[in-house]
$ cat coords.cif   # mmCIF, C-alpha atoms and all ligand atoms
data_model
#
loop_
_atom_site.label_atom_id
_atom_site.label_comp_id
_atom_site.auth_asym_id
_atom_site.auth_seq_id
_atom_site.Cartn_x
_atom_site.Cartn_y
_atom_site.Cartn_z
CA MET A 15 6.35 -23.75 -16.49
CA SER A 16 4.53 -21.91 -13.71
CA ILE A 17 6.53 -20.03 -11.08
CA LYS A 18 5.95 -21.25 -7.54
CA PHE A 19 5.43 -18.40 -5.09
CA GLU A 20 6.52 -18.83 -1.48
CA SER A 21 4.15 -17.61 1.26
CA HIS A 22 5.52 -14.33 2.57
CA ILE A 23 2.89 -12.98 4.93
CA LYS A 24 -0.08 -14.81 6.35
CA VAL A 25 -2.94 -13.28 8.31
CA LYS A 26 -5.01 -15.93 10.05
CA ASN A 27 -8.62 -15.42 11.15
CA LEU A 28 -8.06 -11.87 12.31
CA ASP A 29 -10.79 -10.11 14.29
CA TRP A 30 -10.37 -6.50 15.39
CA SER A 31 -12.56 -4.01 17.23
CA TYR A 32 -12.11 -0.43 18.32
CA GLY A 33 -14.02 -0.52 21.61
CA ALA A 34 -17.50 -1.76 20.76
CA GLN A 35 -17.07 -1.25 17.01
CA VAL A 36 -16.17 -4.44 15.18
CA VAL A 37 -13.90 -3.44 12.28
CA LEU A 38 -12.45 -6.72 11.00
CA THR A 39 -14.14 -10.11 11.15
CA ASP A 40 -12.33 -13.39 10.52
CA VAL A 41 -9.98 -11.94 7.88
CA SER A 42 -7.42 -14.37 6.46
CA VAL A 43 -4.99 -13.43 3.71
CA ASN A 44 -2.03 -15.17 2.15
CA ILE A 45 0.60 -12.94 0.59
CA GLU A 46 3.05 -14.71 -1.69
CA LYS A 47 6.61 -13.54 -2.15
CA GLY A 48 7.22 -11.32 -5.16
CA LYS A 49 3.60 -10.56 -6.02
CA PHE A 50 1.83 -7.21 -6.34
CA TYR A 51 -1.31 -6.95 -4.21
CA THR A 52 -3.96 -4.29 -3.85
CA ILE A 53 -6.42 -4.00 -0.99
CA LEU A 54 -9.64 -2.38 -2.12
CA GLY A 55 -12.89 -1.55 -0.37
CA PRO A 56 -15.22 1.33 0.43
CA ASN A 57 -14.37 3.98 3.02
CA GLY A 58 -14.39 2.53 6.51
CA SER A 59 -14.21 -1.10 5.35
CA GLY A 60 -11.08 -1.79 7.44
CA LYS A 61 -8.23 -1.51 4.89
CA THR A 62 -6.00 0.81 6.95
CA THR A 63 -6.67 -1.17 10.11
CA LEU A 64 -5.57 -4.37 8.36
CA ALA A 65 -2.41 -2.66 7.02
CA LYS A 66 -1.60 -1.24 10.47
CA ILE A 67 -1.95 -4.66 12.07
CA ILE A 68 0.32 -6.27 9.47
CA THR A 69 2.95 -3.53 9.91
CA LYS A 70 2.68 -3.55 13.73
CA THR A 71 1.75 0.13 13.73
CA MET A 72 -0.96 -1.00 16.13
CA ASP A 73 -0.91 -3.46 18.95
CA THR A 74 -0.86 -6.52 16.69
CA PRO A 75 -2.44 -9.56 18.37
CA LYS A 76 -0.29 -12.64 18.85
CA ASN A 77 -0.46 -15.60 16.46
CA LYS A 78 -2.46 -13.76 13.82
CA VAL A 79 0.18 -12.33 11.47
CA PHE A 80 3.11 -14.40 10.24
CA LEU A 81 6.14 -13.22 8.29
CA LEU A 82 7.81 -16.20 6.60
CA SER A 83 5.99 -18.45 9.09
CA GLU A 84 7.22 -16.53 12.15
CA ASP A 85 4.73 -14.74 14.42
CA ILE A 86 5.44 -11.10 13.58
CA THR A 87 4.88 -9.99 17.19
CA LYS A 88 8.05 -11.91 18.14
CA LEU A 89 10.22 -9.64 15.97
CA THR A 90 11.67 -6.42 17.40
CA ASN A 91 10.68 -3.17 15.71
CA LYS A 92 14.12 -2.97 14.10
CA GLN A 93 13.90 -6.54 12.79
CA THR A 94 10.45 -5.80 11.38
CA ALA A 95 11.68 -2.56 9.76
CA ARG A 96 14.42 -4.48 7.94
CA LYS A 97 11.75 -6.69 6.40
CA ILE A 98 8.74 -4.40 5.89
CA ALA A 99 8.70 -0.74 4.87
CA THR A 100 5.51 1.22 5.32
CA VAL A 101 4.03 4.30 3.71
CA PRO A 102 1.23 5.32 6.08
CA GLN A 103 -1.85 7.30 5.05
CA ASN A 104 -0.83 10.26 7.17
CA THR A 105 2.74 10.85 8.17
CA ILE A 106 3.62 13.19 10.98
CA ILE A 107 7.00 14.72 10.32
CA ASP A 108 9.17 16.97 12.40
CA PHE A 109 9.39 20.10 10.27
CA ASP A 110 13.00 20.78 11.16
CA PHE A 111 14.24 18.06 8.83
CA SER A 112 15.33 18.42 5.23
CA VAL A 113 13.97 16.16 2.53
CA MET A 114 17.37 14.38 2.40
CA ASP A 115 17.28 13.79 6.20
CA ILE A 116 13.80 12.27 5.91
CA VAL A 117 14.74 9.92 3.08
CA LEU A 118 17.92 8.83 4.89
CA MET A 119 15.77 7.83 7.87
CA GLY A 120 14.92 4.79 5.74
CA ARG A 121 18.41 3.51 6.62
CA ALA A 122 17.87 3.77 10.42
CA PRO A 123 16.97 0.07 10.87
CA TYR A 124 20.48 -0.83 9.65
CA LEU A 125 22.45 1.64 11.76
CA ARG A 126 23.69 1.29 15.31
CA ARG A 127 23.04 4.05 17.83
CA PHE A 128 24.90 7.24 16.81
CA GLN A 129 26.36 5.52 13.73
CA SER A 130 26.23 7.83 10.74
CA GLU A 131 25.20 6.86 7.24
CA SER A 132 27.72 5.37 4.81
CA SER A 133 28.19 6.23 1.15
CA LEU A 134 26.06 3.16 0.33
CA ASP A 135 23.21 4.63 2.42
CA PHE A 136 23.50 7.90 0.48
CA GLU A 137 23.54 6.01 -2.83
CA LEU A 138 20.36 4.12 -1.90
CA ALA A 139 18.68 7.38 -0.86
CA LYS A 140 19.73 9.12 -4.06
CA ASP A 141 18.51 6.23 -6.20
CA ALA A 142 15.10 6.23 -4.45
CA MET A 143 14.85 10.02 -4.84
CA LEU A 144 15.64 9.85 -8.55
CA LYS A 145 13.00 7.13 -8.96
CA THR A 146 10.35 9.21 -7.18
CA ASN A 147 11.39 12.51 -8.76
CA THR A 148 12.32 14.09 -5.43
CA TRP A 149 16.10 14.47 -5.84
CA HIS A 150 15.76 18.15 -6.78
CA LEU A 151 13.97 18.75 -3.45
CA ARG A 152 16.75 17.25 -1.30
CA ASP A 153 17.91 20.45 0.43
CA LYS A 154 14.45 21.85 1.10
CA LYS A 155 12.85 21.69 4.52
CA ILE A 156 9.96 19.23 4.60
CA ASP A 157 7.46 22.04 5.33
CA GLN A 158 8.63 23.92 2.24
CA ILE A 159 7.32 21.40 -0.26
CA SER A 160 3.80 20.59 -1.46
CA GLY A 161 1.57 17.80 -0.08
CA GLY A 162 2.07 15.66 -3.18
CA GLU A 163 5.83 16.17 -3.10
CA ARG A 164 5.86 15.19 0.58
CA GLN A 165 3.98 12.00 -0.24
CA ARG A 166 6.65 11.14 -2.84
CA VAL A 167 9.38 11.84 -0.29
CA ILE A 168 7.79 9.39 2.16
CA ILE A 169 7.68 6.80 -0.61
CA ALA A 170 11.37 7.50 -1.35
CA ARG A 171 12.12 6.89 2.33
CA ALA A 172 10.31 3.54 2.19
CA ILE A 173 12.20 2.51 -0.96
CA THR A 174 15.49 3.51 0.73
CA GLN A 175 14.63 1.07 3.52
CA ASP A 176 15.36 -1.65 0.92
CA THR A 177 12.99 -4.27 2.32
CA GLU A 178 11.46 -7.45 0.91
CA VAL A 179 7.97 -6.10 1.55
CA LEU A 180 6.55 -2.65 0.88
CA ILE A 181 3.12 -1.75 2.28
CA LEU A 182 1.57 1.51 1.10
CA ASP A 183 -1.69 3.02 2.34
CA GLU A 184 -3.22 5.12 -0.45
CA PRO A 185 0.18 6.22 -1.79
CA ILE A 186 -1.24 8.04 -4.80
CA SER A 187 -4.22 9.76 -3.19
CA ASN A 188 -2.58 13.17 -3.06
CA ILE A 189 -0.60 13.28 -6.25
CA ASP A 190 -1.15 14.29 -9.85
CA ILE A 191 -1.82 11.76 -12.61
CA HIS A 192 1.71 11.92 -14.04
CA HIS A 193 3.25 11.09 -10.68
CA GLN A 194 0.53 8.53 -9.88
CA ILE A 195 1.48 6.49 -12.93
CA GLN A 196 5.20 7.13 -12.39
CA LEU A 197 4.97 5.81 -8.82
CA LEU A 198 2.98 2.74 -9.73
CA GLU A 199 5.54 2.06 -12.47
CA VAL A 200 8.35 2.40 -9.90
CA LEU A 201 6.56 -0.05 -7.60
CA LYS A 202 5.98 -2.49 -10.47
CA LYS A 203 9.66 -2.25 -11.42
CA LEU A 204 10.76 -2.98 -7.82
CA ASN A 205 8.33 -5.87 -7.83
CA LYS A 206 9.64 -7.33 -11.09
CA GLU A 207 13.37 -6.57 -10.77
CA LYS A 208 13.96 -7.00 -7.03
CA ASN A 209 11.10 -9.40 -6.34
CA THR A 210 9.77 -6.96 -3.73
CA THR A 211 6.37 -7.98 -2.41
CA ILE A 212 4.06 -4.99 -2.82
CA ILE A 213 0.84 -4.49 -0.88
CA THR A 214 -0.92 -1.24 -1.60
CA ILE A 215 -4.27 0.20 -0.63
CA LEU A 216 -5.91 2.07 -3.49
CA HIS A 217 -9.31 3.54 -4.31
CA ASP A 218 -8.86 3.59 -8.08
CA LEU A 219 -10.30 0.31 -9.33
CA ASN A 220 -8.81 0.73 -12.80
CA LEU A 221 -5.27 1.28 -11.59
CA ALA A 222 -5.71 -1.71 -9.28
CA VAL A 223 -6.74 -3.88 -12.25
CA GLN A 224 -3.81 -2.74 -14.40
CA TYR A 225 -1.05 -3.17 -11.81
CA SER A 226 -2.08 -5.95 -9.41
CA ASP A 227 -1.46 -9.66 -9.57
CA GLU A 228 -4.14 -10.09 -6.90
CA ILE A 229 -6.79 -8.00 -5.22
CA PHE A 230 -8.25 -8.33 -1.73
CA LEU A 231 -11.69 -6.79 -1.56
CA LEU A 232 -12.92 -5.75 1.87
CA SER A 233 -16.43 -4.65 2.72
CA ASP A 234 -17.69 -3.90 6.18
CA GLY A 235 -14.65 -5.56 7.76
CA LYS A 236 -15.03 -8.82 5.87
CA LEU A 237 -12.94 -10.18 3.03
CA VAL A 238 -15.61 -10.42 0.33
CA THR A 239 -13.36 -12.04 -2.24
CA HIS A 240 -9.78 -12.18 -3.47
CA GLY A 241 -7.94 -13.33 -6.54
CA ASN A 242 -6.87 -12.03 -9.90
CA PRO A 243 -8.36 -8.63 -10.83
CA GLN A 244 -10.64 -10.00 -13.55
CA ALA A 245 -12.19 -12.50 -11.17
CA VAL A 246 -12.63 -10.02 -8.32
CA LEU A 247 -13.83 -6.89 -10.06
CA THR A 248 -16.89 -8.08 -11.93
CA LYS A 249 -19.89 -5.82 -12.59
CA GLU A 250 -21.91 -7.80 -10.04
CA ILE A 251 -19.31 -7.61 -7.26
CA ILE A 252 -18.70 -3.88 -7.84
CA ASP A 253 -22.43 -3.27 -7.64
CA GLU A 254 -22.72 -5.35 -4.46
CA VAL A 255 -19.75 -3.74 -2.66
CA TYR A 256 -19.78 -0.16 -3.97
CA ASN A 257 -23.47 0.08 -4.91
CA ILE A 258 -22.66 1.50 -8.32
CA GLU A 259 -23.55 0.36 -11.81
CA VAL A 260 -20.59 0.02 -14.17
CA ASP A 261 -19.79 -1.01 -17.71
CA MET A 262 -16.68 -2.96 -18.62
CA VAL A 263 -14.55 -2.39 -21.69
CA VAL A 264 -11.18 -3.79 -22.67
CA HIS A 265 -8.22 -1.45 -22.20
CA PRO A 266 -6.75 -0.97 -25.68
CA SER A 267 -3.10 -1.36 -24.70
CA THR A 268 -3.12 -3.76 -21.74
CA GLY A 269 -6.04 -5.95 -22.81
CA LYS A 270 -7.28 -5.89 -19.21
CA PRO A 271 -10.79 -4.82 -18.18
CA TYR A 272 -11.45 -1.11 -17.81
CA ILE A 273 -14.31 -0.10 -15.53
CA ILE A 274 -16.58 2.78 -16.52
CA PRO A 275 -19.28 4.09 -14.16
CA VAL A 276 -22.77 4.39 -15.63
CA PHE A 277 -24.00 7.97 -15.25
CA ASN A 278 -27.75 7.31 -15.24
CA GLU A 279 -28.89 10.87 -14.60
CA LEU A 280 -26.55 12.40 -17.18
CA GLN A 281 -27.68 9.88 -19.78
CA LYS A 282 -31.35 10.63 -19.04
CA THR A 283 -30.95 14.38 -19.40
CA GLY A 284 -28.40 14.13 -22.22
CA SER A 285 -26.21 16.77 -20.56
N1 LIG A 301 -8.20 4.68 16.00
C1 LIG A 301 -9.48 4.41 15.80
N2 LIG A 301 -10.37 4.41 16.84
C2 LIG A 301 -11.67 4.12 16.65
N3 LIG A 301 -12.20 3.80 15.46
C3 LIG A 301 -11.39 3.79 14.40
C4 LIG A 301 -10.00 4.09 14.51
N4 LIG A 301 -9.44 3.98 13.28
C5 LIG A 301 -10.45 3.64 12.44
N5 LIG A 301 -11.61 3.52 13.11
C6 LIG A 301 -12.89 3.11 12.52
O1 LIG A 301 -12.72 1.80 11.98
C7 LIG A 301 -13.38 1.67 10.74
C8 LIG A 301 -12.39 1.19 9.68
O2 LIG A 301 -11.43 2.22 9.50
P1 LIG A 301 -10.22 2.06 8.48
O3 LIG A 301 -9.41 3.30 8.56
O4 LIG A 301 -9.54 0.77 8.73
O5 LIG A 301 -11.01 1.98 7.09
P2 LIG A 301 -10.50 2.17 5.60
O6 LIG A 301 -11.12 1.06 4.82
O7 LIG A 301 -9.03 2.28 5.55
O8 LIG A 301 -11.20 3.55 5.20
P3 LIG A 301 -10.79 4.73 4.16
O9 LIG A 301 -10.97 4.17 2.77
O10 LIG A 301 -11.80 5.79 4.46
O11 LIG A 301 -9.38 5.16 4.45
C9 LIG A 301 -14.02 3.03 10.44
O12 LIG A 301 -15.39 2.95 10.76
C10 LIG A 301 -13.30 3.98 11.35
O13 LIG A 301 -14.14 5.03 11.76
#
$ encode --input "coords.cif" --output "C-alpha cells" --more "lines below"
Ligand SMILES: Nc1ncnc2c1ncn2[C@@H]1O[C@H](COP(=O)(O)OP(=O)(O)OP(=O)(O)O)[C@@H](O)[C@H]1O
Amino acid sequence: MSIKFESHIKVKNLDWSYGAQVVLTDVSVNIEKGKFYTILGPNGSGKTTLAKIITKTMDTPKNKVFLLSEDITKLTNKQTARKIATVPQNTIIDFDFSVMDIVLMGRAPYLRRFQSESSLDFELAKDAMLKTNTWHLRDKKIDQISGGERQRVIIARAITQDTEVLILDEPISNIDIHHQIQLLEVLKKLNKEKNTTIITILHDLNLAVQYSDEIFLLSDGKLVTHGNPQAVLTKEIIDEVYNIEVDMVVHPSTGKPYIIPVFNELQKTGS
C-alpha cells in the first residue's frame, strides 16, 4: 500500500528579480508533508532566494507561496515561526548571548511577551543540543565557539522550535564530515519519527542522493527538473547543469547511485 502525502507547501509560478536581475523564473514546487527534499543547483542559481521567499525572510509576494493551502503572507511572523523553522546561510548573532540562550530562542514563537521559558522549553532545548552535539557548549558565549560549532547551535535552535517544517540553507557547509553525517542523520530521524518536512539546500550531490526523497534542481533561476534522486541526477543532467563529466557507481551499502567526477587531466598525465 502506498502512503498518500498531503501537500504541505506550494510555490506557484514564482518570478523574482533583484532590480534588473531576474533571479527566479516561473518556479513552481509542491512540497508534500513528511518528505525530505533537497534543493540543488550551481552557485547563483537562486536556491537561497527561493528559500528566503518560502520562509518570508524576504518580502514574499502575495498568492505565490501556500502553507497547507493558505497564502503564507497572511500569517503573522509568530504564526509562521510556529510552523516553519529556518537555518539561514549566514546568521548574525548578538555576541552577548550564551549558547543556551541562543538555542532557547527557538521557543520564542510560543512565549508571550516577558514570559520566561518553562521546564518543557528547557527539555526541548537540551534534547536538540544532545542531538546536535552542542550540549557541552551550553555555557559558552557564542563568540567563544568555532564556526562549525556555531552552525550546529543554530541547527539546535531550529530543532528546538519544534515545527512541522524545517528549511536549512547549506547546513553542513561549514562542518566536518563526522558532524555532516551526524546532522543529516538527525534530520532524517526527525523526518521519519516526527514526520517533519525537511527542505535543505546542499552542494554535495552524493549526500543529496543518499538522504532525499526528492530533489529540486535549479539552474539559472529555472527549475530544470525535480523528482526522485535517481531520475534527477543522471550523467546527462549533471553535465548540462554543472558542466562536468561524471561516472556513476552503486553505493555498496545503500544501493543508491554514487557520483564520481571524471578527472580528465589527471587521467591523461597519470598523476
Ligand atoms: N540581496 C541581493 N541583492 C541583489 N542580488 C542578489 C541578492 N541576493 C542574491 N542576489 C543575486 O541573485 C542571484 C541568486 O542568488 P542566490 O543566493 O539565490 O543563489 P544560490 O543558488 O543560493 O547561490 P549559492 O550556491 O552561491 O549560495 C545571484 O546572482 C546573486 O548575486
$ residues_near_ligand --input "coords.cif" --ligand "ligand LIG 301 (chain A)" --cutoff "7 Å" --atoms "all atoms listed in the file" --output "list in words"
Tyr32, Val37, Gly55, Pro56, Asn57, Gly58, Ser59, Gly60, Lys61, Thr62, Thr63 and Leu64 of chain A
$ residues_around --input "coords.cif" --residues "A:Leu134" --least-positions-apart "2" --cutoff "12 Å" --atoms "all atoms listed in the file" --output "list in words"
Leu118, Arg121, Tyr124, Ser130, Glu131, Ser132, Phe136, Glu137, Leu138, Ala139, Lys140, Asp141, Thr174 and Asp176 of chain A
$ closest_atom_pairs --input "coords.cif" --of "stretch 225-281 of chain A" --to "stretch 206-211 of chain A" --cutoff "12 Å" --atoms "all atoms listed in the file" --output "JSON lines"
{"residue": "A:Tyr225", "atom": "CA", "partner": "A:Lys206", "partner_atom": "CA", "distance": 11.5}
{"residue": "A:Ser226", "atom": "CA", "partner": "A:Thr211", "partner_atom": "CA", "distance": 11.2}
{"residue": "A:Asp227", "atom": "CA", "partner": "A:Thr211", "partner_atom": "CA", "distance": 10.7}
{"residue": "A:Glu228", "atom": "CA", "partner": "A:Thr211", "partner_atom": "CA", "distance": 11.6}
$ residues_near_point --input "coords.cif" --point "(3.2, 3.8, -10.8)" --cutoff "9 Å" --atoms "only C-alpha atoms" --output "number ranges by chain"
A: 186, 192-203, 221, 225
$ write_last_selection --input "coords.cif" --atoms "C-alpha atoms" --output "CSV table (one decimal), in the coordinates of the input"
chain,number,residue,atom,x,y,z
A,186,ILE,CA,-1.2,8.0,-4.8
A,192,HIS,CA,1.7,11.9,-14.0
A,193,HIS,CA,3.2,11.1,-10.7
A,194,GLN,CA,0.5,8.5,-9.9
A,195,ILE,CA,1.5,6.5,-12.9
A,196,GLN,CA,5.2,7.1,-12.4
A,197,LEU,CA,5.0,5.8,-8.8
A,198,LEU,CA,3.0,2.7,-9.7
A,199,GLU,CA,5.5,2.1,-12.5
A,200,VAL,CA,8.4,2.4,-9.9
A,201,LEU,CA,6.6,0.0,-7.6
A,202,LYS,CA,6.0,-2.5,-10.5
A,203,LYS,CA,9.7,-2.2,-11.4
A,221,LEU,CA,-5.3,1.3,-11.6
A,225,TYR,CA,-1.0,-3.2,-11.8
$ residues_around --input "coords.cif" --residues "stretch 239-251 of chain A" --least-positions-apart "5" --cutoff "12 Å" --atoms "all atoms listed in the file" --output "PyMOL selection string"
chain A and resi 41-45+49-55+218-233+256-264+269-276
$ atom_distance --input "coords.cif" --atom1 "atom CA of A:Ile106" --atom2 "atom CA of A:Asp73"
19.0 Å
$ axis_aligned_box --input "coords.cif" --around "stretch 195-207 of chain A" --padding-each-side "4 Å" --output "AutoDock Vina command-line options"
--center_x 7.4 --center_y -0.1 --center_z -10.3 --size_x 19.9 --size_y 22.5 --size_z 13.3
$ closest_residue --input "coords.cif" --among "A:Ile181, A:Gln165, A:Ser21, A:Ser187" --to "A:Lys70" --atoms "only C-alpha atoms"
A:Ile181
$ closest_residue --input "coords.cif" --among "A:Arg96, A:Arg126, A:Lys145, A:Lys282" --to "A:Ile169" --atoms "all atoms listed in the file"
A:Lys145
$ closest_residue --input "coords.cif" --among "A:Lys154, A:Ile215, A:Val101, A:Leu125" --to "A:Ala170" --atoms "only C-alpha atoms"
A:Val101
$ atom_distance --input "coords.cif" --atom1 "atom CA of A:Trp30" --atom2 "atom CA of A:Asn188"
28.1 Å
$ residues_near_point --input "coords.cif" --point "(0.0, -14.4, 6.7)" --cutoff "9 Å" --atoms "only C-alpha atoms" --output "list in words"
Ser21, His22, Ile23, Lys24, Val25, Lys26, Ser42, Val43, Asn44, Ile45, Glu46, Ile68, Lys78, Val79, Phe80, Leu81, Leu82 and Ser83 of chain A
$ atom_distance --input "coords.cif" --atom1 "atom CA of A:Ile98" --atom2 "atom CA of A:Thr69"
7.1 Å
$ closest_residue --input "coords.cif" --among "A:Glu279, A:Gln129, A:Thr105, A:Glu163" --to "A:Leu182" --atoms "all atoms listed in the file"
A:Thr105
$ closest_residue --input "coords.cif" --among "A:Ser133, A:Asn77, A:Gln103, A:Asn27" --to "A:Thr214" --atoms "only C-alpha atoms"
A:Gln103
$ residues_around --input "coords.cif" --residues "A:Val113" --least-positions-apart "2" --cutoff "10 Å" --atoms "only C-alpha atoms" --output "PyMOL selection string"
chain A and resi 109-111+115-118+143+148-159+163-164+167-168+170-171
$ decode --input "coords.cif" --residues "stretch 35-54 of chain A" --atoms "N, CA and C atoms" --output "PDB file, in the first residue's frame"
ATOM      1  N   GLN A  35      18.027  42.376 -12.308  1.00  0.00           N
ATOM      2  CA  GLN A  35      18.496  40.986 -12.451  1.00  0.00           C
ATOM      3  C   GLN A  35      17.383  39.978 -12.142  1.00  0.00           C
ATOM      4  N   VAL A  36      16.990  39.253 -13.166  1.00  0.00           N
ATOM      5  CA  VAL A  36      15.975  38.214 -12.965  1.00  0.00           C
ATOM      6  C   VAL A  36      16.656  37.008 -12.306  1.00  0.00           C
ATOM      7  N   VAL A  37      16.122  36.571 -11.164  1.00  0.00           N
ATOM      8  CA  VAL A  37      16.779  35.506 -10.398  1.00  0.00           C
ATOM      9  C   VAL A  37      15.948  34.223 -10.375  1.00  0.00           C
ATOM     10  N   LEU A  38      14.635  34.347 -10.393  1.00  0.00           N
ATOM     11  CA  LEU A  38      13.776  33.161 -10.463  1.00  0.00           C
ATOM     12  C   LEU A  38      12.722  33.384 -11.542  1.00  0.00           C
ATOM     13  N   THR A  39      12.519  32.363 -12.368  1.00  0.00           N
ATOM     14  CA  THR A  39      11.549  32.484 -13.451  1.00  0.00           C
ATOM     15  C   THR A  39      10.552  31.334 -13.395  1.00  0.00           C
ATOM     16  N   ASP A  40       9.301  31.676 -13.135  1.00  0.00           N
ATOM     17  CA  ASP A  40       8.196  30.722 -13.214  1.00  0.00           C
ATOM     18  C   ASP A  40       8.488  29.419 -12.450  1.00  0.00           C
ATOM     19  N   VAL A  41       8.935  29.574 -11.195  1.00  0.00           N
ATOM     20  CA  VAL A  41       9.270  28.395 -10.387  1.00  0.00           C
ATOM     21  C   VAL A  41       8.026  27.917  -9.629  1.00  0.00           C
ATOM     22  N   SER A  42       7.679  26.657  -9.826  1.00  0.00           N
ATOM     23  CA  SER A  42       6.569  26.051  -9.083  1.00  0.00           C
ATOM     24  C   SER A  42       7.089  24.794  -8.395  1.00  0.00           C
ATOM     25  N   VAL A  43       6.839  24.683  -7.092  1.00  0.00           N
ATOM     26  CA  VAL A  43       7.216  23.455  -6.402  1.00  0.00           C
ATOM     27  C   VAL A  43       6.085  23.009  -5.487  1.00  0.00           C
ATOM     28  N   ASN A  44       5.988  21.711  -5.344  1.00  0.00           N
ATOM     29  CA  ASN A  44       4.982  21.141  -4.443  1.00  0.00           C
ATOM     30  C   ASN A  44       5.711  20.301  -3.394  1.00  0.00           C
ATOM     31  N   ILE A  45       5.603  20.721  -2.158  1.00  0.00           N
ATOM     32  CA  ILE A  45       6.271  20.029  -1.055  1.00  0.00           C
ATOM     33  C   ILE A  45       5.215  19.225  -0.306  1.00  0.00           C
ATOM     34  N   GLU A  46       5.417  17.929  -0.245  1.00  0.00           N
ATOM     35  CA  GLU A  46       4.445  17.083   0.461  1.00  0.00           C
ATOM     36  C   GLU A  46       4.876  16.877   1.904  1.00  0.00           C
ATOM     37  N   LYS A  47       3.850  16.729   2.754  1.00  0.00           N
ATOM     38  CA  LYS A  47       4.097  16.602   4.187  1.00  0.00           C
ATOM     39  C   LYS A  47       4.896  15.337   4.499  1.00  0.00           C
ATOM     40  N   GLY A  48       5.937  15.511   5.319  1.00  0.00           N
ATOM     41  CA  GLY A  48       6.677  14.339   5.796  1.00  0.00           C
ATOM     42  C   GLY A  48       7.748  13.823   4.859  1.00  0.00           C
ATOM     43  N   LYS A  49       8.042  14.582   3.796  1.00  0.00           N
ATOM     44  CA  LYS A  49       9.112  14.136   2.891  1.00  0.00           C
ATOM     45  C   LYS A  49      10.392  14.930   3.130  1.00  0.00           C
ATOM     46  N   PHE A  50      11.492  14.395   2.620  1.00  0.00           N
ATOM     47  CA  PHE A  50      12.811  15.014   2.752  1.00  0.00           C
ATOM     48  C   PHE A  50      13.229  15.518   1.373  1.00  0.00           C
ATOM     49  N   TYR A  51      13.354  16.837   1.250  1.00  0.00           N
ATOM     50  CA  TYR A  51      13.676  17.458  -0.039  1.00  0.00           C
ATOM     51  C   TYR A  51      15.049  18.123  -0.014  1.00  0.00           C
ATOM     52  N   THR A  52      15.720  18.082  -1.141  1.00  0.00           N
ATOM     53  CA  THR A  52      16.943  18.868  -1.285  1.00  0.00           C
ATOM     54  C   THR A  52      16.821  19.766  -2.504  1.00  0.00           C
ATOM     55  N   ILE A  53      17.239  21.019  -2.327  1.00  0.00           N
ATOM     56  CA  ILE A  53      17.325  21.942  -3.466  1.00  0.00           C
ATOM     57  C   ILE A  53      18.789  21.996  -3.869  1.00  0.00           C
ATOM     58  N   LEU A  54      19.043  21.669  -5.124  1.00  0.00           N
ATOM     59  CA  LEU A  54      20.410  21.689  -5.645  1.00  0.00           C
ATOM     60  C   LEU A  54      20.497  22.695  -6.783  1.00  0.00           C
TER      61      LEU A  54
END
